[in-house]
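Trainee: There's a structure below that I have some questions on.
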Amino acid sequence: AGAIALIGVWDRSGALLEAVRSAAIADQLSNVVLAVVLLAVAYAVTDFLGGVIREVAAESASVSDHQQEVILRLTQLSVYTAAILVVVGLFTDNVGGLLVGAGFLGIVVGMAARQTLGAVLAGFVLMFSRPFEVGDWVEVGDHEGTVTEISIMSTRLRSFDGEMITLPNDDVRAGSIVDRSRRNRLRIEIEVGVDYDTDVDRAAEIIEDAVAGVEDVAEMPEPNAVTKRFADSAVVLGLRYWIRNPSMRKRWRTQTAAMSAMKSALEEEGVVIPFPQQTLSARAEGAS
């Protein structure tokens with residue numbers, strides 16, 4: 001009471017309010033300085049962790065460049081999120097309310113952009129499950145080509161006609177994926193028909209030997225011919241062979257060379273490759 005009375009008598013209320021205001025400003029300035037320090041520390045931590053992640057990824061053959069990038073971005077996001085929450089706590093005591101509001105905002109944004117978020121989540125799944133890699137020859141749904149890029153949102157293929165195909169990652173995950181490069185080899189089958197009067201075993205041996213000498217055809221497993229079916233004018237054989245480091249260009253090149261070698265070898269051995277023909281005959285009179 002005496003202090004209040006003295007303040008009133010000496011008319012020092014304005015000075016007192018100014019002092020309180022100065023103290024509040026000084027406290028805010030200290031919070032600002034501390035916030036800058038925290039963000040600088042967060043930047044230094046992410047930079048250090050980024051170097052560690054790159055070194056570990058360089059020593060590990062199982063971590064691809066895309067996986068390394070995703071891990072790095074997730075680490076940065078986690079560190080900066082924690083730092084921002086601490087900074088917000090310096091300036092307000094209602095951090096819980098802010099988080100609840102952010103949660104509702106996240107739900108609204110998620111409902112509005114569910115297709116985009118689905119593509120992003122599918123991108124993370126693709127990068128960590130690794131059904132294919134950049135450079136692989138793949139077939140995704142109705143599209144076929146070489147993978148040129150795998151991003152968070154989409155996957156890009158270069159078709160064998162030279163076109164660039166961009167597929168959303170959720171569509172890639174939703175369909176079937178055929179990776180023709182994963183095992184580093186590809187089996188190709190060519191069908192050829194021989195006359196019914198031909199020794200089928202001998203014809204199979206001829207085409208096996210012919211294809212075994214074609215460039216880029218793998219020695220192991222060896223080319224193998226199997227009997228497929230009885231067609232209208234021929235016994236159909238299927239010649240199966242393998243190529244290493246498969247690509248569409250190598251596939252067509254070896255297939256063309258194999259077909260040419262098979263035809264030449266069969267002709268040299270006198271084996272006929274029949275063309276479609278029909279035999280017409282009348283029933284005998286009185287036949288039931």
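We name chains A, B, ... following the order of the structure tokens; residues begin at 1 in each chain, and ligands are numbered from 1 as shown.
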Find the residues around region 257-259 of chain A up to 12 Å (only C-alpha atoms counted), leave out those fewer than 5 positions away in its own chain, and share them as a VMD selection string.

Mentor: chain A and resid 188 to 192 207 to 217 223 238 to 243 250 to 252 264 to 266

Trainee: Kindly save the residues from that selection, with N, CA and C atoms included, as a short mmCIF file (atom, residue, chain, number, x, y, z; two decimals), in the first residue's frame.

Mentor:
```cif
data_model
loop_
_atom_site.label_atom_id
_atom_site.label_comp_id
_atom_site.auth_asym_id
_atom_site.auth_seq_id
_atom_site.Cartn_x
_atom_site.Cartn_y
_atom_site.Cartn_z
N ILE A 188 13.71 -66.48 -74.07
CA ILE A 188 12.94 -66.17 -75.27
C ILE A 188 12.56 -67.48 -75.95
N GLU A 189 11.37 -67.52 -76.49
CA GLU A 189 10.89 -68.73 -77.17
C GLU A 189 10.47 -68.40 -78.59
N ILE A 190 10.90 -69.25 -79.53
CA ILE A 190 10.53 -69.12 -80.94
C ILE A 190 9.88 -70.43 -81.37
N GLU A 191 8.73 -70.32 -82.03
CA GLU A 191 8.04 -71.51 -82.51
C GLU A 191 8.32 -71.72 -84.00
N VAL A 192 8.47 -72.99 -84.38
CA VAL A 192 8.68 -73.34 -85.78
C VAL A 192 7.97 -74.67 -86.03
N ILE A 207 17.77 -77.44 -84.69
CA ILE A 207 17.54 -76.04 -84.35
C ILE A 207 18.26 -75.67 -83.05
N GLU A 208 18.46 -76.63 -82.16
CA GLU A 208 19.23 -76.34 -80.95
C GLU A 208 20.67 -76.00 -81.29
N ASP A 209 21.27 -76.79 -82.18
CA ASP A 209 22.66 -76.53 -82.58
C ASP A 209 22.78 -75.21 -83.35
N ALA A 210 21.76 -74.90 -84.15
CA ALA A 210 21.82 -73.67 -84.93
C ALA A 210 21.77 -72.44 -84.04
N VAL A 211 20.88 -72.43 -83.05
CA VAL A 211 20.72 -71.26 -82.20
C VAL A 211 21.88 -71.14 -81.21
N ALA A 212 22.50 -72.25 -80.84
CA ALA A 212 23.61 -72.20 -79.89
C ALA A 212 24.78 -71.37 -80.43
N GLY A 213 24.89 -71.26 -81.75
CA GLY A 213 25.97 -70.49 -82.34
C GLY A 213 25.65 -69.03 -82.58
N VAL A 214 24.47 -68.58 -82.20
CA VAL A 214 24.07 -67.18 -82.42
C VAL A 214 24.72 -66.30 -81.36
N GLU A 215 25.20 -65.13 -81.78
CA GLU A 215 25.82 -64.19 -80.85
C GLU A 215 24.82 -63.71 -79.80
N ASP A 216 25.29 -63.56 -78.57
CA ASP A 216 24.52 -63.08 -77.41
C ASP A 216 23.58 -64.12 -76.83
N VAL A 217 23.51 -65.32 -77.41
CA VAL A 217 22.72 -66.39 -76.81
C VAL A 217 23.57 -67.05 -75.73
N PRO A 223 20.30 -73.78 -75.24
CA PRO A 223 19.03 -73.74 -75.98
C PRO A 223 18.34 -75.10 -75.93
N GLY A 238 8.93 -75.61 -80.02
CA GLY A 238 9.27 -74.35 -79.37
C GLY A 238 10.73 -74.37 -78.96
N LEU A 239 11.52 -73.44 -79.53
CA LEU A 239 12.93 -73.35 -79.21
C LEU A 239 13.12 -72.26 -78.15
N ARG A 240 13.63 -72.64 -76.98
CA ARG A 240 13.82 -71.71 -75.87
C ARG A 240 15.31 -71.46 -75.65
N TYR A 241 15.67 -70.20 -75.53
CA TYR A 241 17.06 -69.85 -75.25
C TYR A 241 17.08 -68.64 -74.32
N TRP A 242 18.26 -68.36 -73.73
CA TRP A 242 18.42 -67.29 -72.77
C TRP A 242 19.40 -66.25 -73.30
N ILE A 243 19.18 -64.98 -72.88
CA ILE A 243 20.15 -63.92 -73.16
C ILE A 243 20.52 -63.25 -71.84
N LYS A 250 18.52 -56.05 -77.71
CA LYS A 250 19.19 -57.35 -77.76
C LYS A 250 18.18 -58.47 -78.01
N ARG A 251 17.00 -58.34 -77.45
CA ARG A 251 15.98 -59.36 -77.66
C ARG A 251 15.63 -59.51 -79.13
N TRP A 252 15.33 -58.39 -79.79
CA TRP A 252 14.95 -58.47 -81.19
C TRP A 252 16.12 -58.87 -82.07
N SER A 264 17.85 -71.60 -92.01
CA SER A 264 18.96 -72.07 -92.86
C SER A 264 19.36 -73.49 -92.50
N ALA A 265 19.44 -73.81 -91.21
CA ALA A 265 19.86 -75.14 -90.78
C ALA A 265 18.84 -76.20 -91.20
N LEU A 266 17.55 -75.91 -91.06
CA LEU A 266 16.53 -76.88 -91.46
C LEU A 266 16.54 -77.10 -92.96
#
```

Trainee: Run DSSP on the backbone and give me the residues of region 172-224 of chain A it puts in strand (DSSP E), as a list in words.

Mentor: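 Written out, the strand (DSSP E) residues of region 172-224 of chain A are Ile177, Val178, Asp179, Arg185, Leu186, Arg187, Ile188, Glu189, Ile190, Glu191, Val192, Gly193, Val194 and Asn224 of chain A.
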
Trainee: Return the single residue from A:Leu121, A:Val79, A:Val194, A:Val56 that is closest to Arg229 (chain A), with distances computed using only C-alpha atoms.

Mentor: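 For Arg229 (chain A), the nearest of the candidates is A:Val194.
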
Trainee: Please identify all polymer residues within 9 Å of region 47-49 of chain A, counting only C-alpha atoms, omitting same-chain residues fewer than 3 positions from it, and present them as a JSON list (two decimals) with N, CA and C atoms, in the first residue's frame.

Mentor:
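Below you can see out.json, which holds the result:
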```json
[["chain", "number", "residue", "atom", "x", "y", "z"],
["A", 42, "ALA", "N", 19.81, -27.29, -35.21],
["A", 42, "ALA", "CA", 19.07, -28.27, -36.02],
["A", 42, "ALA", "C", 19.70, -28.42, -37.40],
["A", 43, "TYR", "N", 20.11, -27.28, -37.99],
["A", 43, "TYR", "CA", 20.77, -27.34, -39.30],
["A", 43, "TYR", "C", 22.08, -28.11, -39.21],
["A", 44, "ALA", "N", 22.86, -27.85, -38.16],
["A", 44, "ALA", "CA", 24.14, -28.55, -38.00],
["A", 44, "ALA", "C", 23.92, -30.05, -37.80],
["A", 52, "VAL", "N", 26.64, -38.80, -42.34],
["A", 52, "VAL", "CA", 26.67, -40.19, -41.86],
["A", 52, "VAL", "C", 25.86, -41.09, -42.77],
["A", 53, "ILE", "N", 24.66, -40.63, -43.19],
["A", 53, "ILE", "CA", 23.81, -41.43, -44.06],
["A", 53, "ILE", "C", 24.48, -41.68, -45.40],
["A", 54, "ARG", "N", 25.14, -40.68, -45.96],
["A", 54, "ARG", "CA", 25.81, -40.86, -47.25],
["A", 54, "ARG", "C", 26.97, -41.85, -47.13],
["A", 72, "LEU", "N", 17.42, -39.39, -46.00],
["A", 72, "LEU", "CA", 17.96, -38.06, -45.68],
["A", 72, "LEU", "C", 16.84, -37.04, -45.47],
["A", 75, "THR", "N", 14.97, -37.70, -42.23],
["A", 75, "THR", "CA", 15.77, -37.26, -41.08],
["A", 75, "THR", "C", 15.71, -35.75, -40.91],
["A", 76, "GLN", "N", 15.86, -35.01, -42.01],
["A", 76, "GLN", "CA", 15.76, -33.56, -41.95],
["A", 76, "GLN", "C", 14.39, -33.11, -41.45]]
```

Trainee: Can you list every residue in region 66-260 of chain A that DSSP puts in alpha helix (DSSP H), as a VMD selection string?

Mentor: chain A and resid 66 to 91 95 to 112 114 to 129 169 to 174 200 to 212 248 to 260

Trainee: So, with only C-alpha atoms as the atoms that count, which of A:Ser151, A:Ser281, A:Thr198, A:Ser181 lies closest to Pro246 (chain A)?

Mentor: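 Closest to Pro246 (chain A) of all the choices is A:Ser181.
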
Trainee: Near Asp195 (chain A), counting only C-alpha atoms, which residues have an atom at most 7 Å away, once you skip same-chain residues fewer than 3 positions from it, shown as a PyMOL selection string?

Mentor: chain A and resi 198+234-235+272-274

Trainee: One decimal, Å: what's the distance from CA of Asp171 (chain A) over to CA of Ile71 (chain A), could you say?

Mentor: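 Pair CA of Asp171 (chain A) / CA of Ile71 (chain A) returns 23.2 Å.
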
Trainee: If we count only C-alpha atoms and set the cut-off at 10 Å, which residues sit around region 126-141 of chain A, ignoring sequence neighbours fewer than 6 positions away in its own chain? Please answer as a ChimeraX atom specification.

Mentor: /A:63-71,120,147-152,155-159,167,169-182,184,245-248

Trainee: Using only C-alpha atoms, can you tell me which of A:Thr256, A:Thr46, A:Ser154, A:Thr146 comes closest to Gly123 (chain A)?

Mentor: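 Looking at the shortest contact to Gly123 (chain A), the residue is A:Ser154.
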
Trainee: What is the CA of Gly145 (chain A) to CA of Thr254 (chain A) distance in Å?

Mentor: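 Straight-line distance from CA of Gly145 (chain A) to CA of Thr254 (chain A) works out to 18.3 Å.
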
Trainee: Nearest to Gly270 (chain A): which of A:Glu285, A:Asp232, A:Asp197, A:Glu144 is it, counting only C-alpha atoms?

Mentor: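 Of A:Glu285, A:Asp232, A:Asp197, A:Glu144, the one nearest Gly270 (chain A) is A:Asp197, counting only C-alpha atoms.
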